[in-house]
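Shown below: structure_4.txt, with compact mmCIF, C-alpha atoms.
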```
# COMPACT_ATOMS: atom_id res chain seq x y z
CA MET A 1 74.44 -143.12 -29.84
CA LYS A 2 76.25 -143.96 -32.90
CA LEU A 3 75.19 -141.87 -35.77
CA SER A 4 75.54 -143.25 -39.15
CA GLN A 5 78.03 -141.25 -41.03
CA ARG A 6 76.85 -142.48 -44.24
CA ARG A 7 74.16 -140.22 -45.07
CA ILE A 8 72.36 -140.72 -48.18
CA ALA A 9 72.98 -137.58 -50.10
CA GLU A 10 69.65 -136.24 -51.12
CA GLN A 11 69.58 -134.95 -54.56
CA VAL A 12 67.81 -131.67 -54.65
CA GLY A 13 66.71 -130.90 -58.14
CA ILE A 14 63.99 -129.07 -59.98
CA ASN A 15 61.45 -131.39 -61.49
CA MET A 16 61.09 -130.31 -65.15
CA THR A 17 58.23 -132.64 -66.03
CA PRO A 18 55.38 -130.21 -65.24
CA MET A 19 57.18 -127.48 -67.15
CA ILE A 20 57.17 -129.59 -70.29
CA ASP A 21 53.44 -130.12 -69.88
CA ILE A 22 52.92 -126.37 -69.59
CA VAL A 23 55.03 -125.73 -72.66
CA PHE A 24 52.98 -128.26 -74.64
CA LEU A 25 49.77 -126.59 -73.51
CA LEU A 26 51.07 -123.19 -74.51
CA ILE A 27 52.11 -124.45 -77.91
CA ILE A 28 48.73 -126.04 -78.52
CA PHE A 29 47.06 -122.81 -77.36
CA PHE A 30 49.07 -120.61 -79.71
CA MET A 31 48.72 -122.98 -82.62
CA THR A 32 44.97 -123.03 -82.32
CA VAL A 33 44.54 -119.33 -81.58
CA SER A 34 47.09 -117.65 -83.82
CA GLN A 35 46.20 -117.08 -87.44
CA LEU A 36 48.93 -117.80 -89.90
CA ASN A 37 48.55 -114.50 -91.61
CA GLN A 38 48.06 -115.01 -95.27
CA ASN A 39 45.08 -112.80 -95.65
CA VAL A 40 45.82 -109.55 -97.30
CA LEU A 41 49.49 -110.22 -97.85
CA SER A 42 48.88 -113.45 -99.64
CA SER A 43 51.04 -115.12 -102.19
CA THR A 44 50.30 -112.52 -104.87
CA GLN A 45 53.30 -112.11 -107.13
CA LEU A 46 53.70 -108.36 -107.25
CA PRO A 47 55.13 -106.60 -110.30
CA VAL A 48 58.74 -105.49 -110.25
CA SER A 49 59.54 -101.80 -110.48
CA GLU A 50 62.67 -99.67 -110.76
CA ALA A 51 61.08 -96.83 -108.83
CA GLY A 52 59.22 -97.03 -105.57
CA ASP A 53 59.07 -95.63 -102.10
CA ASP A 54 57.46 -96.32 -98.77
CA GLY A 55 54.07 -95.06 -99.89
CA GLY A 56 53.53 -92.53 -97.12
CA ALA A 57 50.66 -92.92 -94.65
CA PRO A 58 48.98 -96.32 -94.30
CA ALA A 59 46.11 -97.13 -96.63
CA SER A 60 42.53 -97.19 -95.47
CA LEU A 61 41.54 -99.89 -97.96
CA VAL A 62 43.60 -102.71 -99.42
CA LEU A 63 42.33 -104.19 -102.65
CA ASN A 64 43.87 -107.26 -104.21
CA ILE A 65 43.61 -108.46 -107.77
CA ASP A 66 44.86 -111.98 -108.29
CA SER A 67 46.19 -113.51 -111.48
CA GLN A 68 42.70 -114.73 -112.41
CA GLY A 69 41.37 -111.19 -112.25
CA GLN A 70 39.40 -111.71 -109.06
CA PHE A 71 38.98 -108.79 -106.70
CA LEU A 72 39.71 -109.59 -103.07
CA VAL A 73 39.42 -107.57 -99.91
CA ASN A 74 40.56 -109.32 -96.73
CA ASP A 75 40.46 -112.63 -98.56
CA LYS A 76 36.83 -112.08 -99.49
CA VAL A 77 36.01 -112.16 -103.19
CA ILE A 78 34.11 -109.13 -104.43
CA PRO A 79 32.11 -109.96 -107.58
CA ARG A 80 32.69 -107.63 -110.51
CA ASN A 81 29.14 -106.32 -110.49
CA GLU A 82 29.32 -105.53 -106.77
CA LEU A 83 32.61 -103.65 -106.85
CA ASP A 84 30.94 -100.33 -107.50
CA SER A 85 28.62 -100.53 -104.49
CA PHE A 86 31.42 -101.90 -102.33
CA LEU A 87 33.69 -98.99 -103.14
CA GLN A 88 30.95 -96.46 -102.59
CA GLN A 89 30.15 -97.95 -99.20
CA ALA A 90 33.83 -97.94 -98.32
CA MET A 91 34.08 -94.29 -99.29
CA GLU A 92 31.06 -93.40 -97.16
CA ARG A 93 32.53 -95.24 -94.18
CA LEU A 94 35.83 -93.43 -94.58
CA LYS A 95 34.11 -90.06 -94.80
CA MET A 96 32.07 -90.80 -91.68
CA ARG A 97 35.22 -91.69 -89.79
CA ASN A 98 37.05 -88.68 -91.20
CA LEU A 99 39.75 -90.81 -92.74
CA THR A 100 41.67 -89.93 -95.85
CA PRO A 101 40.62 -92.27 -98.63
CA ARG A 102 43.81 -94.08 -99.59
CA VAL A 103 43.60 -97.29 -101.51
CA LYS A 104 46.44 -99.75 -101.68
CA LEU A 105 46.28 -101.97 -104.72
CA ARG A 106 48.07 -105.30 -104.68
CA CYS A 107 47.81 -106.63 -108.17
CA ALA A 108 49.42 -109.76 -109.55
CA ALA A 109 52.11 -109.06 -112.12
CA ASN A 110 50.50 -111.34 -114.71
CA CYS A 111 47.03 -109.90 -114.24
CA SER A 112 45.43 -108.32 -117.28
CA THR A 113 45.09 -104.55 -117.49
CA THR A 114 41.45 -105.06 -118.47
CA GLU A 115 40.67 -105.71 -114.82
CA VAL A 116 43.01 -103.01 -113.61
CA ASN A 117 41.46 -100.41 -115.89
CA PHE A 118 38.06 -101.44 -114.61
CA VAL A 119 39.16 -101.06 -111.01
CA PHE A 120 40.81 -97.70 -111.61
CA ASP A 121 37.70 -96.47 -113.36
CA ARG A 122 35.45 -97.65 -110.53
CA LEU A 123 37.78 -96.14 -107.93
CA SER A 124 37.74 -92.84 -109.73
CA GLU A 125 33.95 -92.90 -109.92
CA SER A 126 33.70 -93.63 -106.19
CA GLY A 127 35.84 -90.64 -105.35
CA PHE A 128 39.23 -92.19 -104.75
CA GLU A 129 41.82 -89.95 -106.31
CA THR A 130 45.03 -91.80 -105.61
CA VAL A 131 46.00 -95.43 -105.67
CA ILE A 132 49.12 -96.78 -104.02
CA VAL A 133 50.29 -99.69 -106.11
CA ALA A 134 52.38 -102.28 -104.30
CA VAL A 135 55.48 -103.35 -106.21
CA ARG A 136 58.69 -105.21 -105.61
CA LYS A 137 61.80 -103.12 -105.97
CA GLN A 138 64.09 -104.29 -108.73
CA MET B 139 71.95 -129.54 -55.88
CA ASN B 140 71.73 -130.68 -59.45
CA LEU B 141 69.74 -129.09 -62.18
CA SER B 142 68.86 -131.61 -64.83
CA THR B 143 69.11 -129.93 -68.23
CA ALA B 144 68.00 -132.86 -70.32
CA SER B 145 64.37 -131.67 -70.37
CA MET B 146 65.47 -128.15 -71.26
CA ILE B 147 66.70 -129.42 -74.62
CA ASP B 148 63.22 -130.75 -75.34
CA VAL B 149 61.73 -127.37 -74.42
CA VAL B 150 64.17 -125.59 -76.72
CA PHE B 151 63.29 -127.90 -79.60
CA LEU B 152 59.59 -127.30 -79.04
CA LEU B 153 60.06 -123.54 -79.03
CA LEU B 154 62.13 -123.82 -82.20
CA ILE B 155 59.38 -125.76 -83.94
CA PHE B 156 56.81 -123.21 -82.76
CA PHE B 157 58.72 -120.27 -84.20
CA LEU B 158 59.49 -122.13 -87.42
CA LEU B 159 55.78 -122.71 -87.93
CA THR B 160 54.74 -119.19 -87.16
CA THR B 161 57.43 -117.23 -88.95
CA SER B 162 56.48 -115.92 -92.37
CA PHE B 163 58.98 -114.52 -94.80
CA ARG B 164 57.91 -111.71 -97.07
CA LEU B 165 59.76 -109.93 -99.79
CA PRO B 166 60.13 -106.24 -99.06
CA THR B 167 57.33 -104.28 -100.69
CA GLN B 168 57.53 -100.78 -102.06
CA PHE B 169 54.83 -98.55 -103.43
CA LEU B 170 54.13 -96.37 -106.43
CA VAL B 171 51.73 -93.58 -105.61
CA THR B 172 49.62 -93.22 -108.74
CA PRO B 173 46.92 -90.59 -109.06
CA ILE B 174 43.92 -91.45 -111.19
CA VAL B 175 42.77 -89.03 -113.82
CA ALA B 176 39.12 -88.41 -113.10
CA ARG B 177 36.49 -89.11 -115.70
CA SER B 178 35.55 -85.45 -115.80
CA VAL B 179 39.04 -84.44 -116.84
CA SER B 180 39.92 -84.37 -120.46
CA PRO B 181 43.55 -83.98 -121.35
CA ASN B 182 42.56 -81.64 -124.11
CA GLN B 183 40.87 -79.10 -121.96
CA PHE B 184 43.50 -77.94 -119.52
CA PRO B 185 42.82 -74.33 -118.60
CA THR B 186 46.31 -72.94 -118.66
CA GLU B 187 49.10 -73.05 -121.12
CA GLU B 188 51.56 -73.80 -118.37
CA ILE B 189 50.24 -77.24 -117.71
CA THR B 190 50.21 -79.39 -120.76
CA PRO B 191 49.96 -83.01 -119.84
CA VAL B 192 51.82 -85.55 -121.84
CA ILE B 193 49.74 -88.47 -123.01
CA LEU B 194 51.59 -91.75 -123.12
CA THR B 195 49.52 -94.54 -124.54
CA MET B 196 50.26 -98.21 -124.24
CA PHE B 197 48.37 -100.70 -126.36
CA ALA B 198 48.49 -104.41 -126.97
CA VAL B 199 50.27 -105.69 -130.05
CA LYS B 200 51.18 -109.17 -131.13
CA GLY B 201 53.91 -110.40 -128.84
CA GLY B 202 53.94 -107.53 -126.42
CA ALA B 203 53.00 -103.90 -126.16
CA GLY B 204 53.23 -100.81 -128.33
CA TYR B 205 53.65 -97.25 -127.20
CA GLU B 206 52.56 -93.89 -128.50
CA LEU B 207 54.06 -90.64 -127.28
CA GLY B 208 53.61 -87.31 -128.96
CA GLY B 209 52.30 -88.85 -132.15
CA VAL B 210 55.20 -91.29 -132.39
CA LYS B 211 54.34 -94.96 -132.32
CA THR B 212 56.90 -97.57 -131.44
CA ASN B 213 57.26 -101.04 -130.00
CA ASP B 214 60.59 -100.22 -128.42
CA SER B 215 60.35 -99.18 -124.78
CA GLU B 216 63.93 -97.95 -124.78
CA LYS B 217 63.00 -95.39 -127.41
CA ILE B 218 60.27 -94.12 -125.10
CA ARG B 219 62.79 -94.01 -122.28
CA ARG B 220 65.15 -91.88 -124.38
CA VAL B 221 62.34 -89.49 -125.27
CA LEU B 222 61.27 -89.20 -121.64
CA THR B 223 64.84 -88.57 -120.53
CA LYS B 224 65.40 -85.91 -123.15
CA MET B 225 62.21 -84.03 -122.37
CA GLU B 226 63.08 -80.60 -121.03
CA THR B 227 60.05 -80.14 -118.82
CA LYS B 228 59.91 -82.87 -116.23
CA THR B 229 57.22 -81.16 -114.21
CA ALA B 230 54.43 -81.63 -116.73
CA PRO B 231 52.09 -84.43 -115.70
CA ILE B 232 52.22 -87.62 -117.71
CA PHE B 233 48.93 -89.37 -118.25
CA VAL B 234 49.55 -93.03 -118.89
CA ARG B 235 46.71 -94.51 -120.86
CA VAL B 236 46.97 -98.28 -120.71
CA GLY B 237 44.90 -100.37 -123.06
CA ASP B 238 43.25 -103.65 -122.17
CA ASP B 239 44.71 -107.13 -122.51
CA ILE B 240 48.21 -106.15 -121.50
CA GLN B 241 50.12 -107.68 -118.60
CA PHE B 242 50.03 -105.46 -115.54
CA GLN B 243 53.79 -105.90 -115.15
CA SER B 244 54.30 -104.10 -118.46
CA ALA B 245 52.15 -101.19 -117.33
CA MET B 246 54.06 -100.91 -114.07
CA THR B 247 57.35 -101.06 -115.94
CA LEU B 248 56.20 -98.11 -118.03
CA ILE B 249 55.10 -96.06 -115.03
CA SER B 250 58.28 -96.77 -113.11
CA MET B 251 60.27 -95.88 -116.25
CA CYS B 252 58.58 -92.47 -116.28
CA ARG B 253 59.49 -92.00 -112.64
CA SER B 254 63.06 -93.06 -113.03
CA CYS B 255 63.42 -90.65 -115.98
CA GLY B 256 62.69 -87.84 -113.56
CA HIS B 257 58.96 -87.36 -114.09
CA GLU B 258 57.34 -87.33 -110.69
CA SER B 259 53.78 -86.63 -111.75
CA VAL B 260 52.59 -89.80 -113.47
CA ALA B 261 48.88 -90.51 -113.41
CA TRP B 262 46.88 -93.50 -114.61
CA PHE B 263 44.36 -92.58 -117.23
CA PRO B 264 41.65 -95.25 -117.13
CA ASN B 265 39.72 -96.23 -120.17
CA HIS B 266 36.66 -94.08 -119.74
CA ASP B 267 34.87 -95.54 -122.73
CA ARG B 268 33.16 -98.23 -120.65
```

Take the structure from the file and write it as C-alpha cells.
Amino acid sequence: MKLSQRRIAEQVGINMTPMIDIVFLLIIFFMTVSQLNQNVLSSTQLPVSEAGDDGGAPASLVLNIDSQGQFLVNDKVIPRNELDSFLQQAMERLKMRNLTPRVKLRCAANCSTTEVNFVFDRLSESGFETVIVAVRKQ
Amino acid sequence: MNLSTASMIDVVFLLLIFFLLTTSFRLPTQFLVTPIVARSVSPNQFPTEEITPVILTMFAVKGGAGYELGGVKTNDSEKIRRVLTKMETKTAPIFVRVGDDIQFQSAMTLISMCRSCGHESVAWFPNHDR
C-alpha cells in the first residue's frame, strides 16, 4: 500500500467571521441603550473663579440656570411660577428621606443676576440654607 | 495552525469608533459653597457686638458693575480687593448683596475675590424686596 506522502496540509485556523457579527451586535446594543449623558452636566458655560474647592458631600438637588434664564432640573424646564412649589416638594422629599438639603447650582456665566436672586430667594424661603455654586477654576 | 489577524483589525477599529462616540470630555468643575442669608435675618440686628457682618453691595452701572463697601462707592474692583485684603478681621461674615441685571460671572468674581482675600464666610444676600 503506497501511501501518498503528499498530504494536503490542513490549515487549522479560528474563523473570525462570527466574532465580527457579535461585535457589531454589541455595538448596536450599546449605541441604542446607552445615553450620551448631557443631562445635568450639559453645555452650560460655568463662571470662572479664583477660589473653589471640591464642594464636600454630594448635592441632593442639582438646579441649572441657562443663559436664557430658564430653570432646569434633569433637563426638565421648571416654569418660574412653579419653582416655589417644586422646591418645597423637593425639601419635603429630602426631609422624608432624612437627607441633608444641599443644592448644587449650575448657572451660566452670562446669566442675569435677576434670575439668580430670584432662585436664591426661593431657595431660602423653601428652607435651603446653603447653595453650592459650580464654577470653573481659573 | 494559523491565526488570521486581518479581522482583528476591523474589530479594533469598531471598538475605537465606539469609544470615540461614547467618550465625553468635561472641564474640571469646582464649587463655591455659598450660604444664603435668610429673609428673617437683617444685617442690622445682629445680637452681639462680636459679629458685625460686612455688607458688600454690587449694583449695575453703565458698562459694568459698581460696588459699595462701608459707605464707599466705586467702580473699581481692585479697590474693593485692596480694602478686603487690608481688613483686620477676616472672620466677620461678608454679606454680598447683588443687584439685578448684572452678569452672574461678575457676581462670582466678587465672591471668589472675597474668598481669595482670606474671608471664608461669604454669604449671598438675596434681594428680599420681591

Please produce, as CSV, a per-residue contact table for chain B versus chain A (criterion: any atom at most 7 Å away, only C-alpha atoms considered), showing the nearest atom pair and its distance in Å to one decimal, sorted by chain then residue number.
```
residue,atom,partner,partner_atom,distance
B:Met139,CA,A:Val12,CA,4.8
B:Asn140,CA,A:Gly13,CA,5.2
B:Leu141,CA,A:Gly13,CA,5.4
B:Ser145,CA,A:Met16,CA,6.3
B:Val149,CA,A:Ile20,CA,6.5
B:Phe156,CA,A:Ile27,CA,6.9
B:Thr160,CA,A:Leu36,CA,6.6
B:Pro166,CA,A:Arg136,CA,6.8
B:Thr167,CA,A:Arg136,CA,5.2
B:Gln168,CA,A:Val135,CA,5.3
B:Phe169,CA,A:Ala134,CA,4.5
B:Leu170,CA,A:Val133,CA,5.1
B:Val171,CA,A:Ile132,CA,4.4
B:Thr172,CA,A:Val131,CA,5.2
B:Pro173,CA,A:Thr130,CA,4.1
B:Ile174,CA,A:Glu129,CA,5.5
B:Ala176,CA,A:Ser124,CA,5.7
B:Gly237,CA,A:Thr113,CA,7.0
B:Asp238,CA,A:Thr114,CA,4.3
B:Asp239,CA,A:Ser112,CA,5.4
B:Ile240,CA,A:Thr113,CA,5.3
B:Gln241,CA,A:Ser112,CA,4.9
B:Phe242,CA,A:Ala109,CA,5.4
B:Gln243,CA,A:Ala109,CA,4.7
B:Met246,CA,A:Ser49,CA,6.6
B:Thr247,CA,A:Ser49,CA,5.9
B:Ser250,CA,A:Ala51,CA,5.1
B:Arg253,CA,A:Ala51,CA,6.4
B:Ser254,CA,A:Ala51,CA,6.0
B:Pro264,CA,A:Asn117,CA,5.3
B:Asn265,CA,A:Asn117,CA,6.2
B:His266,CA,A:Asp121,CA,6.9
```

Pairwise distance, CA of Pro79 (chain A) with CA of Met91 (chain A), equals 17.8 Å

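If you look at CA of Leu72 (chain A) and CA of Ser60 (chain A), they are 14.8 Å away from each other.
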
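When all atoms listed in the file are used to measure the gap to Val236 (chain B), the shortest distance among B:Thr212, B:Val221, B:Val192, B:Leu248 belongs to B:Leu248.
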
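Going from CA of Val199 (chain B) over to CA of Cys252 (chain B), you cover 20.8 Å.
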
Calculate, to one decimal in Å, the centre and edge lengths of the box along x, y and z of the file that holds all listed atoms of region 189-194 of chain B with 8 Å of margin on each side, and present them as JSON.
```
{"center_x": 50.8, "center_y": -84.5, "center_z": -120.4, "size_x": 18.1, "size_y": 30.5, "size_z": 21.4}
```

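Considering only C-alpha atoms, the residue among B:Ala261, B:Leu154, B:Gly256, B:Gly208 positioned nearest to Thr227 (chain B) is B:Gly256.
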